[in-house]
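Asker: First the structure, then my questions, so here it is.
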Amino acid sequence: MSVIDDHRLLDVRNVRHLYGKPGGTTQLVLDDVDLALFNNEIVGLLGRSGSGKSTLLRSIAGLIEPTSGEISFPAETASPTRVSMVFQSFALFPWLTVLENVEVGLEAKRVAPEVRRRRALAAIDLIGLDGFENAYPKELSGGMRQRVGLARALVVDPTILLMDEPFSALDVLTAETLRTDLLDLWCEGRMGIRSILMVTHNIEEAVLMCDRILVFSSNPGRIVAEIKVDLPQPRNRQNPAFRRLVDDIYARMTQRGAKDGRKDDGVFPGVGIGMVLPRVSTNTMAGLMETLAAKPFDGRADLPDLAEDLHYEADELFPIAETLQLLRFAELEGGDIRLTADARRYVDADVDARKQLFAQHLITYVPLAGHIRRVLDERPSHQAPGHRFRDELEDLMTEEEADQTLKAVINWARYAEAFAYDETADRFTLDDPG
Amino acid sequence: MVFLSGDRSRTRPLARFLRAGVAASWADVAAFLLLAATAVLIVRGAGEMSEPLARLRTTPVTLDPARLPEYALLTTLRMFAALGASLVFTFVVATLAAKNRKAELVIVPALDILQSVPILGFLTFTVTFFMGLFPGRQLGVECAAIFAIFTSQAWNMAFSFYQSLRTIPGDLDEVSRQFGFSPWRRFVRLELPFATPGLVWNVMMSMSGGWFFVVASEAITVGKTTIALPGIGSWLALAIDRQDMRAVAIGVAAMAVVILLYDQLVFRPIVAWADKFRFEQVASQDRPGSWVYDMVSRVRWLRFVSTVVGWPARKLAAVDWPVPRVSLRPVRLGAQTSRAIDLLWLAAVGVAVAAAVWFLWTFIARTLEWRDAAVAFGYGLATLTRVAVLIALTSLIWVPIGVWIGLRPAWAERLQPVAQFLAAFPANVLFPFVVVAIVALRADPNIWLSPLMVLGTQWYILFNVIAGATAIPGDLKEAAGIFGIRGWQWWRQVALPAVFPYYVTGAITASGGSWNASIVAEAVTWGDKHLEAAGLGSYIAKATAAGDYGRVALGVAVMSIFVIAFNRVLWRPMYRFAEQRLRLD
């Protein structure tokens with residue numbers, strides 16, 4: 001692996017970013033972020049969705065202006081630092097061929113057509129797309145499309161390559177091939193870039209590719225840890241040192257609540273009924289509890305192992321595990337998940353008993369569910385309009401979060417038969433008409 | 001007229017329908033008043049210039065079949081001239097609305113109203129205005145006809161383009177910005193391609209409306225002036241005047257040939273070509289086909305021809321417009337300053353609206369009394385009844401037939417283009433046949449003239465229902481089959497909910513078109529026999545013939561209010577219901 005020298009390519013200082021209009025509901029997505037990028041390194045920004053890492057990447061790309069703070073590119077030579085970006089969704093123009101898509105950045109820079117063609121063909125060749133020049137994106141597989149995205153980003157000769165979850169829209173095998181190919185090109189120094197900054201929520205991917213990993217916390221996004229990865233390339237996922245590092249990062253990413261002293265409720269942003277809840281299906285929760293209760297886990301699992309076993313990304317597993325924790329069906333600690341006694345009772349129970357137990361936990365431990373139930377109990381009609389709760393939530397969170405939270409609770413309550421909701425009338429009722 | 005995109009996979013044609021509530025917003029009211037005032041201003045201008053109109057002489061149109069190809073060509077040319085003007089209008093106005101929030105505030109409600117008001121009623125104003133602009137020359141009349149067609153085409157195209165610009169995918173926007181696209185490059189590489197499928201569909205709908213107009217606007221009588229531009233419309237008008245059934249038949253046949261040629265040679269190739277701009281990541285199964293398009297892309301010399309023809313467009317797209325020396329970076333304004341500017345802008349719009357109200361009031365109060373408004377409103381109710389009854393009747397007929405056809409792919413494939421062709425065919429050329437029948441049978445025109453209003457518009461219901469029935473997923477049909485769902489239960493729980501969203505789209509178009517058609521359908525002529533049905537359409541038609549601008553304005557305003565109210569109270573809630581509850585994708 002090449003040596004990281006201490007020449008700075010990028011300086012991010014005290015960057016804060018607020019979403020929303022000043023005066024209205026605002027949300028702090030980035031809080032006081034400092035970051036430096038050096039010559040010859042791959043840096044990963046690792047965090048949960050909503051931790052502001054994409055916002056940071058877009059600020060560096062010049063697509064968004066942060067609310068405050070400074071982003072500078074201390075260039076060593078006369079030529080200015082150029083950045084280029086690879087998108088999660090590939091962001092290809094469906095009406096342009098592969099070649100035209102790669103050329104588009106050069107065209108914008110007014111490069112002469114002949115030069116443009118030559119450089120585009122060279123980039124296509126480098127990235128392994130020969131033969132696809134005249135194909136349209138919709139004729140290509142996901143992996144090939146992301147190669148086009150990569151070639152398009154490289155052809156403009158960037159100093160820094162920014163990648164926004166570049167492999168997360170691909171299947172496991174394709175993603176692995178692309179990662180390996182990219183790392184090969186990087187190690188051989190054939191791409192002409194000086195540094196790569198990538199956003200990911202895949203912990204193993206970060207450990208596999210990066211020289212340095214910056215772990216982000218959510219709501220607001222802050223850098224909570226910087227982890228140097230000294231393993232030599234190519235790295236082996238089965239290497240014990242690799243596994244230890246992955247375990248360590250899992251532990252760091254699940255421990256935030258514990259540090260704040262609110263171990264059980266603190267995982268989701270917001271307090272009390274203002275807690276922003278993820279939409280997790282009750283089937284998924286039941287499935288996870290059943291899997292954990294059975295062999296080989298016997299009620300306790302290492303999160304990375306569990307994720308691998310279930311073919312889940314860390315980002316997909318976390319909300320499920322944390323919802324179970326909120327409902328007191330599981331406990332998260334040090335990168336491990338452990339079922340509670342109630343969860344074991346749930347697993348052994350029949351359908352009706354399961355529903356009763358779930359309802360009990362839902363009303364007791366999910367503040368919003370308890371709140372809705374109390375309001376319905378107190379009213380003589382046992383009915384309440386949906387907007388009553390929606391308005392209440394919107395004072396505490398954004399409109400989308402309120403919508404998501406309410407939908408999550410409605411689905412859980414429907415399963416538990418804790419209360420009913422009629423969407424057409426937008427009305428909560430205590431008794432299920434069914 | 002309401003013409004809406006049917007490209008369900010991408011555009012949400014009635015997005016605005018959903019966003020806005022049932023009640024008219026202030027923006028709509030303001031836009032309506034401003035438009036009405038502008039229309040009246042144009043009339044005033046036309047009135048002052050009416051003197052030279054009387055002297056106008058145009059070459060007489062003859063019923064000589066040898067000249068028919070020439071007439072057909074001229075009619076088609078007018079169509080395409082108007083289409084070109086509509087495209088320019090679309091690009092300028094829609095871009096302005098999408099890029100400038102202050103312009104958007106005025107343009108969007110204005111477009112919304114313009115695409116639902118009966119444009120045919122404005123024919124009087126536009127004709128007199130343009131004839132005044134070029135007194136004594138055919139050019140003025142030509143411009144008037146072209147402008148009339150333009151007014152039937154531009155609004156929905158602009159609206160579609162505006163909606164596309166507002167829904168540009170975020171990642172492509174970011175790529176364009178990251179690479180620093182110039183505005184022109186952004187337009188040709190991102191905005192125009194992205195908007196193309198929706199725009200092409202709307203152009204097709206506009207053309208259908210346009211044929212109707214070109215026929216209506218080539219031969220028109222305003223007050224003492226009669227204009228007859230050489231074209232198929234004038235041929236038909238003359239044939240009707242002379243009670244020459246054979247000539248009418250020949251004219252209808254010529255129209256059919258023209259539309260068939262246009263459909264096969266121009267429109268289908270464009271749709272097939274535009275398919276590559278569909279914003280989808282997976283190639284769809286059924287792609288629109290066109291033998292002309294296939295031929296051009298397969299036969300070498302034809303491909304060469306198309307390359308040569310497309311050369312200017314490609315050159316234009318590749319032009320690098322010099323970057324202006326002066327940096328156009330927007331000045332960063334504080335929150336307070338920009339709010340102050342917003343307030344100023346709103347105040348300016350408010351003053352304009354107040355001026356429009358005063359102006360309209362003085363104009364109407366001078367020529368008309370309150371009684372006139374009541375009369376017009378009464379006629380409006382009569383026409384409303386006709387439209388409602390006819391849409392209900394045609395729905396009862398065409399929904400079952402459309403479902404039946406749509407469930408049989410072999411039939412649907414053959415009949416769908418026929419239904420689209422019938423929708424594009426200007427129904428007003430068929431009026432004489434019906435009129436002759438009514439005259440011969442001495443039927444009551446109040447009842448029997450009514451079907452003319454839906455003669456051309458009912459096909460929108462048919463082809464949309466066919467499309468809806470075709471789109472019913474196979475597994476749903478199989479499930480219905482396995483559980484033995486049939487009879488009324490099958491209609492109630494399977495077929496009707498599945499086609500409902502499509503039906504609403506078709507019915508909105510049909511009802512908008514019917515209102516418009518009422519102006520030519522409620523008062524018809526066959527030689528010296530005049531048939532009339534009491535309604536707002538004949539009210540406007542009579543006022544037009546008499547050159548009574550005040551009543552024309554009143555009639556059009558009342559009709560606009562009826563159409564807009566009808567849309568808001570009936571169609572919009574139905575559309576919203578369909579979008580929220582009955583979408584299958």
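Simple scheme: letters A, B, ... for chains in structure tokens order, numbers from 1 for residues in each chain, numbers from 1 for ligands in the order shown.
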Mind checking which residues fall within 7 Å of region 522-535 of chain B, counting only C-alpha atoms, ignoring those fewer than 5 positions away in the same chain, and posting them as a PDB file with N, CA and C atoms, in the first residue's frame?

Answerer:
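Output (result.pdb):
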ATOM      1  N   ILE B 240     -71.325  23.277 -47.299  1.00  0.00           N
ATOM      2  CA  ILE B 240     -72.514  23.362 -46.448  1.00  0.00           C
ATOM      3  C   ILE B 240     -73.435  24.458 -46.961  1.00  0.00           C
ATOM      4  N   ASP B 241     -72.830  25.574 -47.310  1.00  0.00           N
ATOM      5  CA  ASP B 241     -73.600  26.724 -47.795  1.00  0.00           C
ATOM      6  C   ASP B 241     -74.380  26.351 -49.049  1.00  0.00           C
ATOM      7  N   ARG B 242     -73.747  25.550 -49.926  1.00  0.00           N
ATOM      8  CA  ARG B 242     -74.406  25.188 -51.184  1.00  0.00           C
ATOM      9  C   ARG B 242     -75.202  23.896 -51.065  1.00  0.00           C
ATOM     10  N   GLN B 243     -75.255  23.327 -49.897  1.00  0.00           N
ATOM     11  CA  GLN B 243     -75.959  22.066 -49.646  1.00  0.00           C
ATOM     12  C   GLN B 243     -75.474  20.970 -50.579  1.00  0.00           C
ATOM     13  N   TYR B 379     -78.401  29.875 -19.838  1.00  0.00           N
ATOM     14  CA  TYR B 379     -77.964  29.079 -20.986  1.00  0.00           C
ATOM     15  C   TYR B 379     -76.840  28.138 -20.573  1.00  0.00           C
ATOM     16  N   GLY B 380     -75.967  28.652 -19.687  1.00  0.00           N
ATOM     17  CA  GLY B 380     -74.866  27.820 -19.194  1.00  0.00           C
ATOM     18  C   GLY B 380     -75.382  26.562 -18.536  1.00  0.00           C
ATOM     19  N   ALA B 382     -78.143  25.074 -19.213  1.00  0.00           N
ATOM     20  CA  ALA B 382     -78.658  24.186 -20.265  1.00  0.00           C
ATOM     21  C   ALA B 382     -77.508  23.374 -20.865  1.00  0.00           C
ATOM     22  N   THR B 383     -76.418  24.078 -21.191  1.00  0.00           N
ATOM     23  CA  THR B 383     -75.274  23.377 -21.789  1.00  0.00           C
ATOM     24  C   THR B 383     -74.649  22.414 -20.786  1.00  0.00           C
ATOM     25  N   PRO B 432     -72.338  18.124 -40.869  1.00  0.00           N
ATOM     26  CA  PRO B 432     -73.373  18.222 -41.910  1.00  0.00           C
ATOM     27  C   PRO B 432     -74.229  16.975 -42.038  1.00  0.00           C
ATOM     28  N   VAL B 435     -76.741  17.062 -39.389  1.00  0.00           N
ATOM     29  CA  VAL B 435     -77.674  18.165 -39.590  1.00  0.00           C
ATOM     30  C   VAL B 435     -78.691  17.816 -40.677  1.00  0.00           C
ATOM     31  N   PRO B 445     -84.088  20.093 -32.452  1.00  0.00           N
ATOM     32  CA  PRO B 445     -82.639  20.408 -32.367  1.00  0.00           C
ATOM     33  C   PRO B 445     -82.137  20.503 -30.932  1.00  0.00           C
ATOM     34  N   ASN B 446     -83.021  20.896 -29.997  1.00  0.00           N
ATOM     35  CA  ASN B 446     -82.581  21.013 -28.602  1.00  0.00           C
ATOM     36  C   ASN B 446     -82.035  19.699 -28.070  1.00  0.00           C
ATOM     37  N   LEU B 449     -79.242  17.974 -31.519  1.00  0.00           N
ATOM     38  CA  LEU B 449     -77.955  18.624 -31.821  1.00  0.00           C
ATOM     39  C   LEU B 449     -76.915  18.263 -30.768  1.00  0.00           C
ATOM     40  N   SER B 450     -77.414  17.894 -29.574  1.00  0.00           N
ATOM     41  CA  SER B 450     -76.498  17.629 -28.462  1.00  0.00           C
ATOM     42  C   SER B 450     -75.438  16.572 -28.755  1.00  0.00           C
ATOM     43  N   ALA B 541     -72.051  31.672 -30.210  1.00  0.00           N
ATOM     44  CA  ALA B 541     -72.002  31.620 -31.673  1.00  0.00           C
ATOM     45  C   ALA B 541     -72.817  32.753 -32.288  1.00  0.00           C
TER      46      ALA B 541
END

Asker: At a cut-off of 7 Å, using only C-alpha atoms, what residues contact Met198 (chain A)? Leave out same-chain residues fewer than 6 positions from it and give the result as a list in words.

Answerer: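 With the cut-off at 7 Å, the set is Val43, Gly44, Leu45, Leu162, Met163, Asp164 and Glu165 of chain A.
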
Asker: If you keep N, CA and C atoms, can you produce a file of those selected residues as a PDB file, in the first residue's frame?

Answerer:
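Everything below was put into again-v2.pdb:
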ATOM      1  N   VAL A  43     -10.601   7.759   2.205  1.00  0.00           N
ATOM      2  CA  VAL A  43     -11.240   8.021   3.485  1.00  0.00           C
ATOM      3  C   VAL A  43     -12.721   7.673   3.366  1.00  0.00           C
ATOM      4  N   GLY A  44     -13.210   6.972   4.374  1.00  0.00           N
ATOM      5  CA  GLY A  44     -14.612   6.596   4.369  1.00  0.00           C
ATOM      6  C   GLY A  44     -15.393   7.398   5.386  1.00  0.00           C
ATOM      7  N   LEU A  45     -16.572   7.870   4.977  1.00  0.00           N
ATOM      8  CA  LEU A  45     -17.485   8.509   5.931  1.00  0.00           C
ATOM      9  C   LEU A  45     -18.552   7.468   6.232  1.00  0.00           C
ATOM     10  N   LEU A 162     -15.102  11.819  -5.297  1.00  0.00           N
ATOM     11  CA  LEU A 162     -16.108  11.682  -4.238  1.00  0.00           C
ATOM     12  C   LEU A 162     -17.056  10.563  -4.640  1.00  0.00           C
ATOM     13  N   MET A 163     -17.341   9.679  -3.716  1.00  0.00           N
ATOM     14  CA  MET A 163     -18.256   8.589  -4.041  1.00  0.00           C
ATOM     15  C   MET A 163     -19.347   8.518  -2.981  1.00  0.00           C
ATOM     16  N   ASP A 164     -20.617   8.578  -3.441  1.00  0.00           N
ATOM     17  CA  ASP A 164     -21.738   8.561  -2.512  1.00  0.00           C
ATOM     18  C   ASP A 164     -22.376   7.178  -2.530  1.00  0.00           C
ATOM     19  N   GLU A 165     -22.034   6.349  -1.572  1.00  0.00           N
ATOM     20  CA  GLU A 165     -22.535   4.975  -1.505  1.00  0.00           C
ATOM     21  C   GLU A 165     -22.532   4.323  -2.882  1.00  0.00           C
TER      22      GLU A 165
END

Asker: Env of region 351-360 of chain B: 8 Å cut, atoms = only C-alpha atoms, seq-sep filter 3 positions within chain, self excluded. Answer as number ranges by chain.

Answerer: B: 30, 33-34, 36-37, 40, 347-348, 363-364

Asker: Please produce an output containing C-alpha atoms for each residue in the selection, written as a compact mmCIF listing (two decimals), in the first residue's frame.

Answerer:
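Final output, saved to again08.txt:
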# COMPACT_ATOMS: atom_id res chain seq x y z
CA ALA B 30 -56.36 36.74 -10.01
CA LEU B 33 -59.32 38.41 -14.00
CA LEU B 34 -56.04 39.42 -15.61
CA ALA B 36 -60.21 38.44 -19.02
CA ALA B 37 -59.01 42.04 -18.96
CA VAL B 40 -61.16 42.67 -23.59
CA ALA B 347 -48.43 44.27 -4.52
CA ALA B 348 -47.74 44.81 -8.22
CA PHE B 363 -66.47 47.49 -20.13
CA ILE B 364 -69.33 45.20 -19.19

Asker: Write down as a PyMOL selection string the residues belonging to region 81-251 of chain A that are assigned helix (DSSP H, G or I) by DSSP computed on the backbone.

Answerer: chain A and resi 98-108+113-127+137-139+142-154+172-187+203-209+240-251

Asker: Could the residues of chain A within 8 Å of chain B, counting only C-alpha atoms, be given as a ChimeraX atom specification, please?

Answerer: /A:61-63,84-85,87,89,91-95,105,108-110,137-139

Asker: Could you pull the residues within 6 Å of Leu236 (chain B), counting only C-alpha atoms, minus those fewer than 3 positions along the same chain, as a PDB file with C-alpha atoms, in the first residue's frame?

Answerer:
ATOM      1  CA  GLY B 233     -62.333  24.152 -43.489  1.00  0.00           C
ATOM      2  CA  ALA B 239     -70.152  22.883 -49.386  1.00  0.00           C
ATOM      3  CA  VAL B 248     -68.912  17.456 -48.001  1.00  0.00           C
TER       4      VAL B 248
END

Asker: I need the residue nearest Thr180 (chain A) from this list: A:Arg243, A:Arg152, A:Arg235, A:Arg118. Use only C-alpha atoms for the distance.

Answerer: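 Of A:Arg243, A:Arg152, A:Arg235, A:Arg118, the one nearest Thr180 (chain A), counting only C-alpha atoms, is A:Arg235.
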
Asker: Which one of A:Val351, A:Thr429, A:Val115, A:Leu306 sits closest to Val375 (chain A) if you count only C-alpha atoms?

Answerer: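 Comparing A:Val351, A:Thr429, A:Val115, A:Leu306 against Val375 (chain A), the winner is A:Thr429.
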
Asker: Could you tell me how far CA of Leu381 (chain B) lies from CA of Thr457 (chain B), in Å and to one decimal?

Answerer: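 That distance, rounded to one decimal, is 20.2 Å.
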
Asker: Could you list, as number ranges by chain, every residue within 9 Å of Leu87 (chain B), counting only C-alpha atoms and ignoring same-chain residues fewer than 5 positions away?

Answerer: B: 82, 92, 154, 157-158, 203
